[in-house]
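Participant: Dropping in upload_28.cif, which is mmCIF, C-alpha atoms:
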```cif
data_work
loop_
_atom_site.label_atom_id
_atom_site.label_comp_id
_atom_site.auth_asym_id
_atom_site.auth_seq_id
_atom_site.Cartn_x
_atom_site.Cartn_y
_atom_site.Cartn_z
CA MET A 53 120.75 97.48 108.94
CA LYS A 54 118.00 97.70 111.55
CA VAL A 55 114.41 96.95 110.52
CA LEU A 56 111.26 97.42 112.60
CA ILE A 57 108.25 95.30 111.63
CA LEU A 58 104.91 96.39 113.01
CA GLY A 59 102.63 93.37 113.39
CA GLY A 60 104.80 90.99 111.40
CA THR A 61 103.50 87.64 112.63
CA GLY A 62 101.03 86.74 109.85
CA ALA A 63 101.13 84.90 106.51
CA ILE A 64 103.67 87.31 104.98
CA GLY A 65 105.33 88.66 108.10
CA LYS A 66 106.64 85.35 109.41
CA HIS A 67 108.47 84.71 106.13
CA LEU A 68 109.71 88.30 105.97
CA VAL A 69 111.22 88.10 109.45
CA GLU A 70 113.06 84.88 108.58
CA LEU A 71 114.38 86.22 105.26
CA LEU A 72 115.63 89.46 106.80
CA ALA A 73 117.26 87.67 109.72
CA SER A 74 118.99 85.16 107.45
CA ALA A 75 120.32 88.07 105.37
CA GLY A 76 121.95 89.55 108.47
CA TYR A 77 119.47 92.34 109.28
CA GLU A 78 118.71 93.24 112.89
CA VAL A 79 114.96 92.64 113.05
CA CYS A 80 112.58 93.95 115.72
CA VAL A 81 108.99 92.71 115.55
CA THR A 82 106.03 94.00 117.55
CA SER A 83 103.63 91.39 118.89
CA ARG A 84 100.71 91.63 121.30
CA ARG A 85 101.70 88.37 122.97
CA SER A 86 105.01 87.40 124.46
CA ARG A 87 107.41 85.69 122.04
CA VAL A 88 110.96 84.47 122.54
CA SER A 89 113.65 86.59 120.90
CA GLU A 90 116.30 84.60 119.11
CA GLY A 91 119.55 85.49 117.34
CA ASN A 92 119.10 88.77 115.50
CA ILE A 93 115.28 88.68 115.87
CA GLU A 94 113.91 90.67 118.81
CA TYR A 95 110.22 90.64 119.72
CA LEU A 96 108.76 93.74 121.35
CA GLN A 97 105.60 92.91 123.28
CA GLY A 98 102.88 95.51 122.86
CA ASP A 99 100.06 96.70 120.65
CA ALA A 100 101.38 98.84 117.81
CA HIS A 101 97.94 100.48 117.60
CA ASP A 102 98.64 102.02 120.99
CA LEU A 103 100.21 105.44 120.43
CA GLY A 104 102.15 105.32 123.68
CA PHE A 105 103.78 102.01 122.79
CA LEU A 106 104.37 103.10 119.19
CA ASN A 107 105.99 106.40 120.19
CA SER A 108 108.29 104.60 122.61
CA ILE A 109 109.76 102.43 119.86
CA LEU A 110 109.85 105.27 117.31
CA LYS A 111 112.26 107.19 119.52
CA GLN A 112 114.94 105.08 117.84
CA ASP A 113 116.02 105.69 114.27
CA TRP A 114 115.24 102.77 111.98
CA ASP A 115 116.76 101.99 108.60
CA ALA A 116 113.39 100.61 107.52
CA ILE A 117 109.93 100.21 109.03
CA VAL A 118 107.56 97.63 107.56
CA ASP A 119 103.98 98.32 108.60
CA PHE A 120 101.47 95.44 108.55
CA MET A 121 98.98 97.22 110.83
CA ILE A 122 95.42 97.99 109.74
CA TYR A 123 94.39 101.56 110.53
CA SER A 124 91.34 103.70 110.21
CA GLU A 125 91.85 106.76 108.02
CA ALA A 126 91.91 109.01 111.09
CA SER A 127 94.33 106.89 113.11
CA PHE A 128 96.75 106.65 110.17
CA ALA A 129 96.66 110.44 109.77
CA MET A 130 97.74 110.73 113.41
CA ARG A 131 100.75 108.47 112.86
CA VAL A 132 102.01 108.99 109.33
CA GLU A 133 104.39 111.90 109.98
CA ARG A 134 105.84 110.22 113.05
CA LEU A 135 106.43 106.98 111.12
CA LEU A 136 108.12 108.77 108.23
CA ASP A 137 110.31 110.78 110.62
CA ALA A 138 111.55 107.65 112.39
CA THR A 139 112.99 105.83 109.39
CA THR A 140 114.99 106.06 106.20
CA GLN A 141 112.35 103.96 104.40
CA TYR A 142 108.75 103.28 105.41
CA LEU A 143 107.08 100.28 103.73
CA TYR A 144 103.32 100.63 103.87
CA LEU A 145 101.30 97.44 103.34
CA SER A 146 98.36 98.44 101.18
CA SER A 147 96.35 95.98 99.08
CA ALA A 148 95.75 95.18 95.42
CA ARG A 149 92.07 95.36 96.30
CA VAL A 150 92.42 99.11 95.75
CA TYR A 151 92.36 98.51 91.97
CA ALA A 152 89.21 98.95 89.91
CA ASP A 153 88.10 96.30 87.45
CA SER A 154 90.40 95.99 84.45
CA LYS A 155 90.20 94.01 81.22
CA GLN A 156 93.98 94.27 80.88
CA PRO A 157 96.56 92.87 83.33
CA ILE A 158 96.76 95.32 86.21
CA LYS A 159 99.81 97.57 86.46
CA GLU A 160 100.76 99.75 89.43
CA THR A 161 99.39 102.74 87.48
CA SER A 162 95.99 101.11 86.84
CA ALA A 163 92.89 102.93 88.09
CA ARG A 164 91.85 102.61 91.71
CA LEU A 165 88.29 102.18 92.92
CA LEU A 166 88.58 105.33 95.03
CA ASP A 167 89.29 107.38 91.92
CA VAL A 168 86.85 105.92 89.38
CA SER A 169 83.91 104.35 91.22
CA ASN A 170 80.48 105.88 90.59
CA ASP A 171 78.91 104.09 93.56
CA THR A 172 78.27 107.04 95.88
CA ASN A 173 77.08 104.81 98.73
CA TYR A 174 80.26 102.77 98.50
CA LEU A 175 82.47 105.86 98.42
CA LYS A 176 80.89 107.06 101.68
CA THR A 177 82.11 103.95 103.49
CA HIS A 178 85.39 103.07 105.14
CA GLU A 179 85.59 99.75 103.34
CA TYR A 180 89.05 98.17 103.42
CA ALA A 181 90.02 98.95 99.79
CA LEU A 182 88.94 102.58 100.09
CA ASP A 183 90.72 103.19 103.38
CA LYS A 184 93.92 101.67 102.00
CA ALA A 185 93.73 103.99 98.98
CA ARG A 186 93.09 107.02 101.20
CA GLN A 187 96.09 106.13 103.35
CA GLU A 188 98.21 105.80 100.22
CA ASP A 189 97.11 109.35 99.36
CA ALA A 190 98.16 110.54 102.80
CA LEU A 191 101.68 109.30 102.08
CA ARG A 192 101.74 111.09 98.73
CA LYS A 193 100.50 114.31 100.34
CA SER A 194 103.12 114.15 103.09
CA GLY A 195 105.67 115.95 100.93
CA ARG A 196 108.11 113.13 101.61
CA GLU A 197 109.43 110.36 99.39
CA ASN A 198 110.95 107.97 101.93
CA TRP A 199 108.03 105.58 101.55
CA THR A 200 107.28 102.52 99.47
CA ILE A 201 103.73 101.25 98.94
CA ILE A 202 103.35 97.47 98.76
CA ARG A 203 100.08 96.11 97.33
CA PRO A 204 99.87 92.33 97.83
CA TYR A 205 96.84 90.52 96.48
CA ILE A 206 95.47 87.20 97.79
CA THR A 207 98.30 85.56 99.71
CA TYR A 208 98.34 81.99 100.92
CA SER A 209 100.62 80.25 103.39
CA GLU A 210 100.89 77.16 105.56
CA ASN A 211 98.29 78.65 107.89
CA ARG A 212 96.18 80.75 105.51
CA LEU A 213 94.17 79.00 102.82
CA GLN A 214 91.44 81.16 101.31
CA LEU A 215 88.55 80.18 99.07
CA GLY A 216 87.09 83.31 97.49
CA VAL A 217 86.10 85.49 100.46
CA LEU A 218 86.21 82.53 102.86
CA GLU A 219 89.03 81.96 105.33
CA LYS A 220 89.93 78.38 106.22
CA GLU A 221 87.75 78.61 109.33
CA GLU A 222 84.72 79.02 107.04
CA TRP A 223 85.30 76.18 104.59
CA LEU A 224 88.19 73.90 105.57
CA TYR A 225 86.89 73.43 109.11
CA ARG A 226 83.61 72.14 107.71
CA ALA A 227 85.37 69.73 105.38
CA LEU A 228 87.51 68.26 108.16
CA LYS A 229 84.39 67.76 110.27
CA GLY A 230 82.75 65.84 107.44
CA ARG A 231 80.31 68.58 106.47
CA THR A 232 79.62 70.17 103.08
CA ILE A 233 81.69 73.15 101.91
CA VAL A 234 79.35 76.02 101.02
CA PHE A 235 80.70 78.37 98.35
CA SER A 236 79.56 80.86 95.70
CA ARG A 237 78.89 79.63 92.16
CA ASP A 238 79.55 83.15 90.81
CA ILE A 239 82.95 83.53 92.49
CA CYS A 240 83.90 79.97 91.53
CA SER A 241 83.87 80.94 87.84
CA LYS A 242 86.10 84.02 88.24
CA ILE A 243 89.81 84.37 87.48
CA THR A 244 92.10 85.11 90.39
CA THR A 245 95.78 85.45 91.24
CA LEU A 246 97.28 83.74 94.28
CA THR A 247 100.77 84.38 95.61
CA TYR A 248 102.69 82.40 98.22
CA GLY A 249 103.49 84.42 101.35
CA LEU A 250 107.18 83.60 101.03
CA ASP A 251 107.22 85.04 97.50
CA VAL A 252 105.58 88.25 98.69
CA ALA A 253 108.21 88.48 101.42
CA LYS A 254 111.01 87.96 98.86
CA CYS A 255 109.65 90.85 96.82
CA MET A 256 109.46 93.09 99.86
CA VAL A 257 113.04 92.31 100.87
CA ALA A 258 114.11 93.26 97.34
CA THR A 259 112.71 96.79 97.85
CA ILE A 260 114.29 97.47 101.24
CA GLY A 261 117.18 99.90 101.11
CA LYS A 262 116.75 100.50 97.37
CA SER A 263 116.73 104.13 96.26
CA GLU A 264 114.70 103.17 93.18
CA ALA A 265 111.90 101.92 95.49
CA MET A 266 111.47 105.28 97.25
CA GLY A 267 108.19 107.02 96.47
CA GLN A 268 107.11 104.00 94.41
CA VAL A 269 104.27 101.45 94.36
CA PHE A 270 104.76 97.73 93.80
CA HIS A 271 102.35 94.82 93.71
CA PRO A 272 104.26 91.65 94.65
CA THR A 273 101.95 89.27 92.81
CA ALA A 274 102.33 86.29 90.55
CA ALA A 275 101.63 86.81 86.85
CA GLU A 276 100.03 83.37 86.61
CA THR A 277 96.24 83.20 86.99
CA CYS A 278 93.68 80.50 87.70
CA LEU A 279 89.97 80.05 88.25
CA TRP A 280 88.62 79.75 91.77
CA SER A 281 87.16 76.43 90.60
CA GLU A 282 90.74 75.23 89.99
CA VAL A 283 91.76 76.34 93.48
CA LEU A 284 88.80 74.44 94.91
CA SER A 285 89.84 71.34 92.96
CA ILE A 286 93.35 71.45 94.43
CA TYR A 287 91.88 71.69 97.93
CA LEU A 288 89.42 68.85 97.32
CA ASN A 289 92.06 66.55 95.86
CA GLU A 290 94.35 67.01 98.85
CA LEU A 291 91.47 66.59 101.29
CA GLU A 292 90.41 63.37 99.57
CA LYS A 293 93.90 61.97 100.10
CA TYR A 294 93.82 63.04 103.75
CA LEU A 295 90.25 62.02 104.61
CA GLY A 296 89.82 59.08 102.27
CA VAL A 297 86.72 60.67 100.80
CA LYS A 298 86.22 63.84 98.73
CA PRO A 299 84.26 66.53 100.61
CA GLN A 300 80.89 67.56 99.25
CA VAL A 301 80.46 71.10 97.88
CA LEU A 302 77.29 73.20 97.67
CA LEU A 303 77.61 76.07 95.17
CA GLN A 304 75.09 78.78 96.00
CA ASP A 305 73.73 81.58 93.85
CA LEU A 306 75.06 84.96 94.93
CA PRO A 307 71.99 86.18 96.91
CA ALA A 308 71.93 83.00 98.99
CA PHE A 309 75.70 83.11 99.55
CA MET A 310 75.63 86.75 100.61
CA GLY A 311 72.74 85.98 102.94
CA TRP A 312 75.23 84.47 105.39
CA LYS A 313 78.56 85.88 104.17
CA LYS A 314 78.24 89.59 104.90
CA THR A 315 81.07 91.01 102.81
CA GLU A 316 79.09 92.81 100.11
CA TYR A 317 81.75 95.19 98.85
CA GLN A 318 84.64 92.72 98.95
CA ILE A 319 82.55 90.41 96.78
CA LYS A 320 81.13 93.07 94.49
CA TYR A 321 84.29 95.11 94.00
CA ASP A 322 86.93 92.41 94.06
CA ARG A 323 86.05 88.72 93.99
CA LEU A 324 83.57 89.19 91.13
CA PHE A 325 86.32 90.86 89.07
CA ASP A 326 88.71 88.77 86.98
CA ARG A 327 92.03 89.66 88.60
CA LYS A 328 95.16 89.47 86.40
CA PHE A 329 98.41 91.28 87.19
CA ASP A 330 101.41 92.54 85.27
CA ASN A 331 104.25 91.98 87.76
CA SER A 332 107.05 93.27 85.53
CA LYS A 333 107.84 96.21 87.83
CA ILE A 334 108.61 94.12 90.91
CA CYS A 335 110.42 91.60 88.71
CA GLU A 336 113.00 94.27 87.94
CA LEU A 337 114.07 93.76 91.57
CA VAL A 338 113.40 90.04 92.09
CA ASN A 339 113.97 87.02 89.86
CA ARG A 340 110.66 86.05 88.25
CA ASP A 341 111.77 82.40 88.12
CA SER A 342 112.08 82.31 91.91
CA LEU A 343 108.31 82.78 92.34
CA ILE A 344 106.45 79.51 92.86
CA SER A 345 103.47 78.46 90.75
CA TYR A 346 100.13 78.38 92.55
CA GLU A 347 99.49 74.65 92.08
CA PRO A 348 102.60 73.24 93.81
CA GLY A 349 102.54 76.13 96.26
CA LEU A 350 98.95 75.57 97.37
CA THR A 351 99.42 71.81 97.44
CA SER A 352 102.46 72.12 99.69
CA CYS A 353 100.72 74.54 102.05
CA VAL A 354 97.57 72.39 102.35
CA ARG A 355 99.71 69.35 103.17
CA ALA A 356 101.69 71.31 105.75
CA PHE A 357 98.51 72.57 107.41
CA LEU A 358 96.93 69.11 107.53
CA GLN A 359 99.90 67.78 109.47
CA ASN A 360 98.76 69.89 112.42
CA PRO A 361 95.36 71.52 111.75
CA SER A 362 94.64 74.59 113.85
CA PHE A 363 91.72 77.00 113.60
CA SER A 364 90.94 80.28 115.28
CA TYR A 365 87.44 81.70 115.69
CA ILE A 366 84.57 79.68 114.23
CA ASN A 367 81.44 81.67 113.35
CA TRP A 368 78.74 79.36 114.68
CA LYS A 369 75.94 81.53 113.34
CA ALA A 370 77.27 81.03 109.80
CA GLU A 371 77.85 77.34 110.56
CA ALA A 372 74.23 77.02 111.64
CA PHE A 373 72.95 78.66 108.44
CA ASN A 374 75.11 76.42 106.28
CA ASP A 375 74.10 73.29 108.18
CA ARG A 376 70.49 74.34 107.67
CA ARG A 377 71.09 74.55 103.90
CA THR A 378 72.86 71.21 103.70
CA GLY A 379 70.71 69.31 106.19
CA GLU A 380 73.74 68.66 108.38
CA PHE A 381 74.48 69.13 112.08
CA ALA A 382 77.54 70.10 114.09
CA ALA A 383 78.25 67.93 117.08
CA LEU A 384 77.56 70.04 120.15
CA GLY A 385 80.90 68.88 121.51
CA GLU A 386 82.58 71.04 118.85
CA ILE A 387 80.98 74.18 120.25
CA ARG A 388 82.49 75.82 123.31
CA GLY A 389 80.15 77.28 125.89
CA ILE A 390 76.49 76.63 126.60
CA ARG A 391 75.41 80.03 125.28
CA THR A 392 77.13 79.46 121.94
CA LYS A 393 75.52 76.01 121.73
CA ILE A 394 72.09 77.57 122.29
CA LYS A 395 72.71 80.23 119.63
CA TYR A 396 73.80 77.55 117.16
CA LEU A 397 70.63 75.55 117.78
CA ILE A 398 68.40 78.63 117.41
CA TYR A 399 69.96 79.63 114.08
CA ARG A 400 70.14 76.03 112.88
CA PHE A 401 66.48 75.19 113.52
CA LEU A 402 64.52 78.44 113.93
CA ILE A 403 66.02 81.48 112.22
CA SER A 404 67.18 81.56 108.60
CA PRO A 405 68.75 84.45 106.63
CA GLU A 406 65.42 84.77 104.76
CA PHE A 407 63.57 85.10 108.07
CA GLN A 408 65.83 88.00 109.03
CA THR A 409 65.04 89.77 105.73
CA ASN A 410 61.34 89.02 105.41
CA TYR A 411 60.37 89.52 109.04
CA ALA A 412 62.59 92.43 109.99
CA PRO A 413 60.49 93.78 112.95
CA VAL A 414 60.25 90.32 114.51
CA TRP A 415 63.95 89.77 113.86
CA ARG A 416 64.87 92.96 115.71
CA ASN A 417 63.15 91.61 118.79
CA CYS A 418 64.88 88.25 118.33
CA LYS A 419 68.27 89.94 118.08
CA SER A 420 67.64 91.76 121.33
CA CYS A 421 67.05 88.42 123.03
CA LEU A 422 70.01 86.72 121.34
CA SER A 423 72.38 89.52 122.37
CA LYS A 424 71.84 88.49 125.97
CA LEU A 425 73.41 85.13 125.13
CA LYS A 426 76.79 86.70 124.35
#
```
Hey, can you dump this file as structure tokens for me?
Facilitator:
Amino acid sequence: MKVLILGGTGAIGKHLVELLASAGYEVCVTSRRSRVSEGNIEYLQGDAHDLGFLNSILKQDWDAIVDFMIYSEASFAMRVERLLDATTQYLYLSSARVYADSKQPIKETSARLLDVSNDTNYLKTHEYALDKARQEDALRKSGRENWTIIRPYITYSENRLQLGVLEKEEWLYRALKGRTIVFSRDICSKITTLTYGLDVAKCMVATIGKSEAMGQVFHPTAAETCLWSEVLSIYLNELEKYLGVKPQVLLQDLPAFMGWKKTEYQIKYDRLFDRKFDNSKICELVNRDSLISYEPGLTSCVRAFLQNPSFSYINWKAEAFNDRRTGEFAALGEIRGIRTKIKYLIYRFLISPEFQTNYAPVWRNCKSCLSKLK
């Protein structure tokens, strides 16, 4: 069985590739950078967003295509028929963020934000949860049933450790540099559901090649829930063992937190909801007992990451705002490039989020000057 994975190098994709290969599948994975093919895993270098590259690999017939790519509504509409034509089964990676708030554990048939929200301004946007729901609708309207919609929720792995809406670059980096973690008091008190990337991959493998998965939706989530405060405690305990001292935490009220973390709709229409899931549908295909509990799973992943810490992009504007709040400073040696150092210093000492709001005309002029430092 030959499986094409579009963009499968992230928290879920890496595990999926390994599981499929170990089960004897021929696996082809697209990647923008060069990677070494090995055994029955072949890497195809190219950007799967590029229609020319995509069409070249869709000339083959695939037993299954797993699509991790993020599309705009328009770009997905341009590709959906071609993707469905090229495979026996197309697995579309949506998101459990499509669901509206629910007092009951969420099932695959639970209401979606796109269908029930009364926020007209929100519905006019192309926010992630809305675009995923619209792309799901495009599959349903295709007149085909050789698709399976996968809706993961918050997924952690050895290289992805989230805290509310914060990626590890926004909280863990600060802790390892001896600075205070800045988080939201409101989110900290909410219930969430975290699932290990390997478990999500197991669930996806269980749907591949299954006739009962065609034209169906699954959320590969744990049934177990926890508070974000409990997640934070796990992180802090492991960091204390690693650093020899427990990192400090500043819990901000929501307006202050959103002053520097500009993800209004993700916060409002997801992280401020209590998220509980009924995973009985996917557990008809995968053994529920094989899914790992969040506490040992998170603990293991934090320990694995701390053996060789690696971070991608650091938002030095946000770092400056948070250092301003906590009275701390980043060593300039941490910051690459003289222009980025200057921007950090300006935001750290001169320009606060409140300044941007209260002195909007002056701020517009400041932004024009700061843009020249890019």
Participant: Please expand the PyMOL selection byres ((chain A and resi 197) around 6) into the concrete residues it hits in this file, giving the result as an MDAnalysis selection string.
Facilitator: chainID A and resid 196 198:199 266:267
Participant: I'd like the residues picked by the PyMOL selection byres ((chain A and resi 321) around 12) written out as an MDAnalysis selection string, using the chain letters and numbers from the file.
Facilitator: chainID A and resid 148:154 164:166 169:171 174:175 179:182 217 239 315:320 322:327
Participant: Could you tell me how far CA of Ile64 (chain A) lies from CA of His178 (chain A), in Å and to one decimal?
Facilitator: 24.1 Å
Participant: Please write the residues picked by the PyMOL selection byres ((chain A and resi 333) around 9) on this file as a list in words.
Facilitator: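 Against this file, the PyMOL selection byres ((chain A and resi 333) around 9) returns the residues Lys159, Glu160, Phe270, His271, Pro272, Asp330, Asn331, Ser332, Ile334, Cys335, Glu336 and Leu337 of chain A.
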Participant: Given 5 Å of margin on each side, can you work out the centre and size in Å (one decimal) of an axis-aligned box holding every listed atom of region 321-334 of chain A, as lines of an AutoDock Vina configuration file?
Facilitator:
```
center_x = 96.1
center_y = 92.5
center_z = 89.7
size_x = 35.0
size_y = 17.5
size_z = 18.8
```
Participant: At a cut-off of 8 Å, using all atoms listed in the file, what residues contact region 248-256 of chain A? Leave out same-chain residues fewer than 4 positions from it and give the result as a VMD selection string.
Facilitator: chain A and resid 63 to 65 67 to 68 71 202 204 207 to 209 260 272 to 273 334 337 to 338 342 to 344 346 349 to 350
Participant: In Å, with one decimal, what is the gap from CA of Ile390 (chain A) to CA of Arg85 (chain A)?
Facilitator: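 Between these atoms lies a distance of 28.0 Å.
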Participant: Any idea what the distance is between CA of Phe381 (chain A) and CA of Thr351 (chain A)?
Facilitator: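 Calculated distance between CA of Phe381 (chain A) and CA of Thr351 (chain A) is 29.0 Å.
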Participant: Can you pull out the residues contacting Leu213 (chain A)? Cut-off 12 Å, using all atoms listed in the file, and skip same-chain residues under 2 positions away; I want them as a ChimeraX atom specification.
Facilitator: /A:63,206-211,215-225,246-249,283-284,286-287,346,349-358,361-363
Participant: Which of these residues is nearest to Val55 (chain A), using all atoms listed in the file: A:Ala116, A:Leu96, A:Leu103, A:Leu306?
Facilitator: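 Answer, going by the shortest atom-to-atom distance: A:Ala116.
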